[in-house]
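Okay, so here's the structure we're looking at.
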Amino acid sequence: MPSVRMVVATDLHGQILPFDYVHAKPFPGGLSKVSTFLKKQRQEAPTLFFDNGDAFQGSPLTFYAHRFFGNKVNPVVEAYNEMGLNGMCIGNHEFNYGLRYLTEIEKQAKFPLLSANIQEQLTGQTKWLPFKVYRFGDWSVGVIALTTPAIEDFDLPWKWKGLKFENPIKVAKNLVSQLKDQKVDVIVVLAHSGIEYDPLKRRRVSESSKENFVYSLATKVPNIDVIVFGHTHRAFGPYKLNNTVLVQPPSYGKGVALIEIADGKVTRVQNVDLYGIEDDPEILDMFWSDHRKTNDWINEVIGIAAEDFVSDTWKLAAEPVSNLYLDVLRYATENEIAMHPPSPFEPITIKKGWLTRRDAFSLYPFDNEPVVLKITGHTLKKALEWNARYYYLVSATPSGSIRPIRHPFVKTYNFETIGGLEVIYDLTEPWGNKVKKAKYMGSELHSRQNYWVSLTSYRASGAGGFTMLKNQPIEFYSPQLLRDYFEKYLSEKGTITPRKERNWWFVANSFTLC
């Protein structure tokens with residue numbers, strides 16, 4: 001039997017075509033490039049093709065399809081059906097629209113959904129196939145799929161109702177042993193999870209080993225030949241740890257993992273960058289009509305900005321863009337106290353003039369809904385204190401100014417800007433005492449008093465380590481997305497003007513850090 005190849009994409013997030021809708025420019029990735037590469041591999045050798053999760057949600061095109069196409073097949077499923085996908089590992093974003101939508105996806109797909117550690121609560125049986133075994137002559141390949149169990153911290157409980165998320169390490173040990181007993185020669189694990197400890201840098205790179213478990217998987221479960229992982233959108237490897245090769249391909253179809261197997265042994269593992277590869281004209285033709293509809297829709301005007309909104313003190317103090325997030329959240333919930341992440345990846349400037357849905361997707365790349373929790377002052381102060389961990393040191397710059405140093409483990413979207421409270425953080429104070437002042441309507445927060453706090457659904461689920469918010473009473477929830485409320489807010493206001501008041505900021509002793 002000649003060599004067999006395996007191609008794996010991860011974290012596609014609906015990026016089918018080589019176009020960036022938010023910035024209205026070409027994009028160096030997408031399934032159209034993956035398809036070209038896949039066809040070439042299949043011309044040369046038998047080739048399996050897998051997706052490692054977070055495929056169906058994340059782009060304006062897939063959002064438009066979800067919102068307006070009714071019962072039409074999800075575009076990513078349609079593309080994968082055409083490309084002959086062999087299987088897909090369930091990712092956390094597959095639950096964003098709820099389990100009912102994922103069930104519809106499964107009906108549309110001509111490929112199996114896979115996850116070994118997601119079980120039905122009532123029966124204890126796996127909800128989806130835990131693994132697949134492929135036989136080639138006298139040798140075989142087993143493919144196991146594992147999903148981050150932190151889904152229960154990312155989405156509100158009714159989106160995954162009836163499921164439980166088992167320890168992936170324990171599940172993997174049992175399955176690998178089972179497959180080895182069945183004389184399976186090569187074992188590949190698809191893990192929708194990141195790596196919590198970087199063996200190259202020799203340091204932790206993740207706060208949560210529940211969310212990211214790949215290093216533990218490689219070091220605690222023997223007889224795994226290759227782990228292809230994802231979730232964190234950071235290309236990695238290939239790197240051999242003990243006897244296991246670790247590889248994380250680039251996200252959004254900018255690259256794939258390529259595994260070559262011959263005579264029951266892995267002979268090559270490669271991270272393939274697809275930059276410059278031609279787009280498959282068949283994929284382009286399939287979605288040209290959807291693309292035009294999406295592009296026309298996203299360029300529709302929805303409001304006017306009277307001035308530039310500039311993030312000049314991004315994550316150091318309240319500023320116009322973060323105040324806009326808070327204003328929209330408070331508008332959606334009709335509630336005063338609010339916490340919302342500032343722009344999740346980098347400072348955003350909203351330019352004076354017409355605003356379109358491209359601006360809405362730039363501000364709101366994630367599909368979050370508004371939630372109001374009823375929590376005590378004690379819990380609220382714990383959340384504010386946890387928020388301070390985003391910075392862990394202060395440092396003097398060459399010019400003599402003092403600047404904070406961001407904690408290397410904390411994701412940019414796991415910091416909260418604050419509305420309705422006056423909060424001062426002092427970074428020179430020890431952990432647990434960094435909140436120097438926290439006042440509501442001029443009075444310090446009272447530990448036993450209840451407060452109603454507006455949040456994103458992501459944060460209300462306890463994501464980002466805000467475990468003190470998990471399972472708190474929900475006083476309000478709307479299934480409409482905050483992106484939709486932004487559009488409604490603009491419709492009512494017509495023209496928006498930057499709100500420049502500062503109600504929270506960081507200090508070092510008496511020095512304001514902005």
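Order determines the names: the first chain of the structure tokens is A, the second B, and so forth; residues in each chain are numbered 1 upward, and ligands are numbered 1 upward as they are shown.
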
Could you name the residues that touch region 473-480 of chain A at 10 Å or less, counting only C-alpha atoms, but leaving out those on the same chain fewer than 3 positions away, as a PyMOL selection string? chain A and resi 97+332-335+367-375+452-457+460+469-470+483-485

Show which residues sit within 6 Å of region 154-157 of chain A, as a list in words. Count only C-alpha atoms, and ignore same-chain residues fewer than 5 positions away. Tyr458, Ser461 and Ala463 of chain A

Can you build me a table of region 234-294 of chain A residues sitting at most 10 Å from region 42-60 of chain A, with the closest atom pair per residue and its distance in Å to one decimal, using only C-alpha atoms, sorted by chain and residue number, as a Markdown table?
| residue | atom | partner | partner_atom | distance |
| --- | --- | --- | --- | --- |
| A:Gln248 | CA | A:Asn52 | CA | 9.9 |
| A:Pro249 | CA | A:Asn52 | CA | 9.8 |
| A:Ser251 | CA | A:Asp54 | CA | 9.7 |
| A:Tyr252 | CA | A:Ala55 | CA | 8.7 |
| A:Val256 | CA | A:Asp51 | CA | 9.6 |
| A:Ala257 | CA | A:Phe50 | CA | 9.8 |
| A:Leu258 | CA | A:Phe49 | CA | 9.6 |
| A:Ile259 | CA | A:Thr47 | CA | 9.5 |
| A:Glu260 | CA | A:Thr47 | CA | 9.0 |
| A:His291 | CA | A:Pro60 | CA | 9.5 |
| A:Thr294 | CA | A:Pro60 | CA | 6.9 |

Near region 439-444 of chain A, within 10 Å and counting only C-alpha atoms, which residues show up once chain neighbours fewer than 4 positions away are dropped, as number ranges by chain? A: 336-337, 377, 419-424, 451, 503

DSSP strand (DSSP E or B) residues within region 138-307 of chain A, listed as a ChimeraX atom specification: /A:139-147,163-165,186-192,197-198,203-204,226-229,236-241,244-248,255-262,265-273,301-305

At most 12 Å is the cut-off: for each residue in region 427-471 of chain A with any atom that close to an atom of region 197-221 of chain A, write down the nearest atom pair and the distance in Å rounded to one decimal, counting only C-alpha atoms, chain first then increasing number, as JSON lines.
{"residue": "A:Ala463", "atom": "CA", "partner": "A:Glu211", "partner_atom": "CA", "distance": 10.1}
{"residue": "A:Gly464", "atom": "CA", "partner": "A:Glu207", "partner_atom": "CA", "distance": 8.7}
{"residue": "A:Gly465", "atom": "CA", "partner": "A:Ser208", "partner_atom": "CA", "distance": 8.0}
{"residue": "A:Phe466", "atom": "CA", "partner": "A:Ser208", "partner_atom": "CA", "distance": 11.8}
{"residue": "A:Thr467", "atom": "CA", "partner": "A:Ser208", "partner_atom": "CA", "distance": 12.0}

Give me a file of those residues, with N, CA and C atoms, as a tab-separated table (two decimals), in the first residue's frame.
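Final output, out_7.tsv:
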chain	number	residue	atom	x	y	z
A	463	ALA	N	-16.78	32.85	31.86
A	463	ALA	CA	-15.60	32.72	31.01
A	463	ALA	C	-14.51	33.69	31.43
A	464	GLY	N	-13.27	33.33	31.09
A	464	GLY	CA	-12.12	34.17	31.40
A	464	GLY	C	-11.71	34.11	32.86
A	465	GLY	N	-12.14	33.07	33.56
A	465	GLY	CA	-11.79	32.94	34.97
A	465	GLY	C	-12.72	33.70	35.90
A	466	PHE	N	-13.77	34.32	35.36
A	466	PHE	CA	-14.73	35.03	36.21
A	466	PHE	C	-15.73	34.03	36.80
A	467	THR	N	-15.18	33.06	37.53
A	467	THR	CA	-16.01	31.98	38.06
A	467	THR	C	-17.01	32.47	39.10

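Closest approach to Leu190 (chain A) from the set A:Gly91, A:Val266, A:Asp296, A:Gly253 is made by A:Gly91, with distances taken over only C-alpha atoms.
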
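Rounded to one decimal, CA of Pro112 (chain A) and CA of Met88 (chain A) lie 6.5 Å from each other.
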
For the interface of region 148-187 of chain A with region 128-144 of chain A (cut-off 10 Å, counting only C-alpha atoms), please tabulate each contacting residue of region 148-187 of chain A alongside its nearest pair of atoms and their separation in Å to one decimal, rows sorted by chain and increasing number, as a Markdown table.
| residue | atom | partner | partner_atom | distance |
| --- | --- | --- | --- | --- |
| A:Val171 | CA | A:Pro130 | CA | 9.5 |
| A:Ala172 | CA | A:Ile144 | CA | 7.9 |
| A:Leu175 | CA | A:Ile144 | CA | 7.9 |
| A:Val176 | CA | A:Ile144 | CA | 8.3 |
| A:Leu179 | CA | A:Gly142 | CA | 7.2 |
| A:Lys180 | CA | A:Gly142 | CA | 9.3 |
| A:Gln182 | CA | A:Ser140 | CA | 10.0 |
| A:Lys183 | CA | A:Ser140 | CA | 8.2 |
| A:Val184 | CA | A:Ser140 | CA | 5.4 |
| A:Asp185 | CA | A:Ser140 | CA | 5.4 |
| A:Val186 | CA | A:Val141 | CA | 4.7 |
| A:Ile187 | CA | A:Gly142 | CA | 4.8 |

Pick out each residue of region 59-247 of chain A that DSSP on the backbone tags as alpha helix (DSSP H); I need them as a ChimeraX atom specification. /A:60-68,75-83,99-108,151-154,168-181,214-220

Could you check how far CA of Lys411 (chain A) sits from CA of Val188 (chain A), in Å to one decimal?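 Taking CA of Lys411 (chain A) and CA of Val188 (chain A), their separation equals 28.8 Å.
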
Nearest to Asn71 (chain A) among A:Phe415, A:Ile105, A:Gly84, A:Lys40, with distances taken over only C-alpha atoms: which residue is it? A:Ile105

Near Asp359 (chain A), within 8 Å and counting only C-alpha atoms, which residues show up once chain neighbours fewer than 4 positions away are dropped, as number ranges by chain? A: 22, 350, 355, 363

I need the residues from that last selection saved to file as an mmCIF file, in the first residue's frame (with C-alpha atoms), if you can.
data_model
loop_
_atom_site.group_PDB
_atom_site.id
_atom_site.type_symbol
_atom_site.label_atom_id
_atom_site.label_comp_id
_atom_site.auth_asym_id
_atom_site.auth_seq_id
_atom_site.Cartn_x
_atom_site.Cartn_y
_atom_site.Cartn_z
ATOM 1 C CA VAL A 22 -14.971 43.677 7.729
ATOM 2 C CA ILE A 350 -14.448 54.588 14.504
ATOM 3 C CA LEU A 355 -21.354 53.780 9.749
ATOM 4 C CA LEU A 363 -16.852 46.142 17.067
#

Show me, as a PDB file with C-alpha atoms, in the first residue's frame, the residues that have an atom within 10 Å of Ser35 (chain A) when counting only C-alpha atoms, minus same-chain residues fewer than 4 positions from it.
ATOM      1  CA  ILE A  16     -14.835  30.072   2.849  1.00  0.00           C
ATOM      2  CA  GLY A  30     -10.192  30.376   3.161  1.00  0.00           C
ATOM      3  CA  LEU A  31     -11.580  27.007   2.105  1.00  0.00           C
ATOM      4  CA  LYS A  39      -7.157  18.163  -4.577  1.00  0.00           C
ATOM      5  CA  LYS A  40      -3.413  18.134  -5.261  1.00  0.00           C
ATOM      6  CA  GLN A  41      -2.821  15.723  -2.351  1.00  0.00           C
ATOM      7  CA  ALA A  79     -18.435  23.316   1.007  1.00  0.00           C
ATOM      8  CA  TYR A  80     -17.263  20.405   3.150  1.00  0.00           C
ATOM      9  CA  GLU A  82     -18.418  19.028  -1.822  1.00  0.00           C
ATOM     10  CA  MET A  83     -14.806  18.623  -0.645  1.00  0.00           C
ATOM     11  CA  GLY A  84     -15.401  15.167   0.836  1.00  0.00           C
ATOM     12  CA  GLY A 253      -7.870  28.432   6.151  1.00  0.00           C
ATOM     13  CA  GLU A 278      -4.590  29.539  -6.140  1.00  0.00           C
ATOM     14  CA  ASP A 279      -8.256  29.488  -5.137  1.00  0.00           C
ATOM     15  CA  ASP A 280     -10.374  26.581  -6.297  1.00  0.00           C
ATOM     16  CA  PRO A 281     -12.728  28.032  -8.962  1.00  0.00           C
ATOM     17  CA  GLU A 282     -15.403  25.448  -8.082  1.00  0.00           C
ATOM     18  CA  ILE A 283     -15.611  26.776  -4.502  1.00  0.00           C
TER      19      ILE A 283
END

To one decimal place, how far is CA of Trp504 (chain A) from CA of Ala360 (chain A) in Å?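 Answer for the CA of Trp504 (chain A) to CA of Ala360 (chain A) separation: 24.9 Å.
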
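Across A:Tyr239, A:Gln449, A:Lys436, A:Arg292, the tightest approach to Arg268 (chain A) is made by A:Tyr239 when counting only C-alpha atoms.
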
For Thr379 (chain A), the nearest of the candidates A:Phe68, A:Ser447, A:Gln119, A:Lys107, counting only C-alpha atoms: A:Ser447
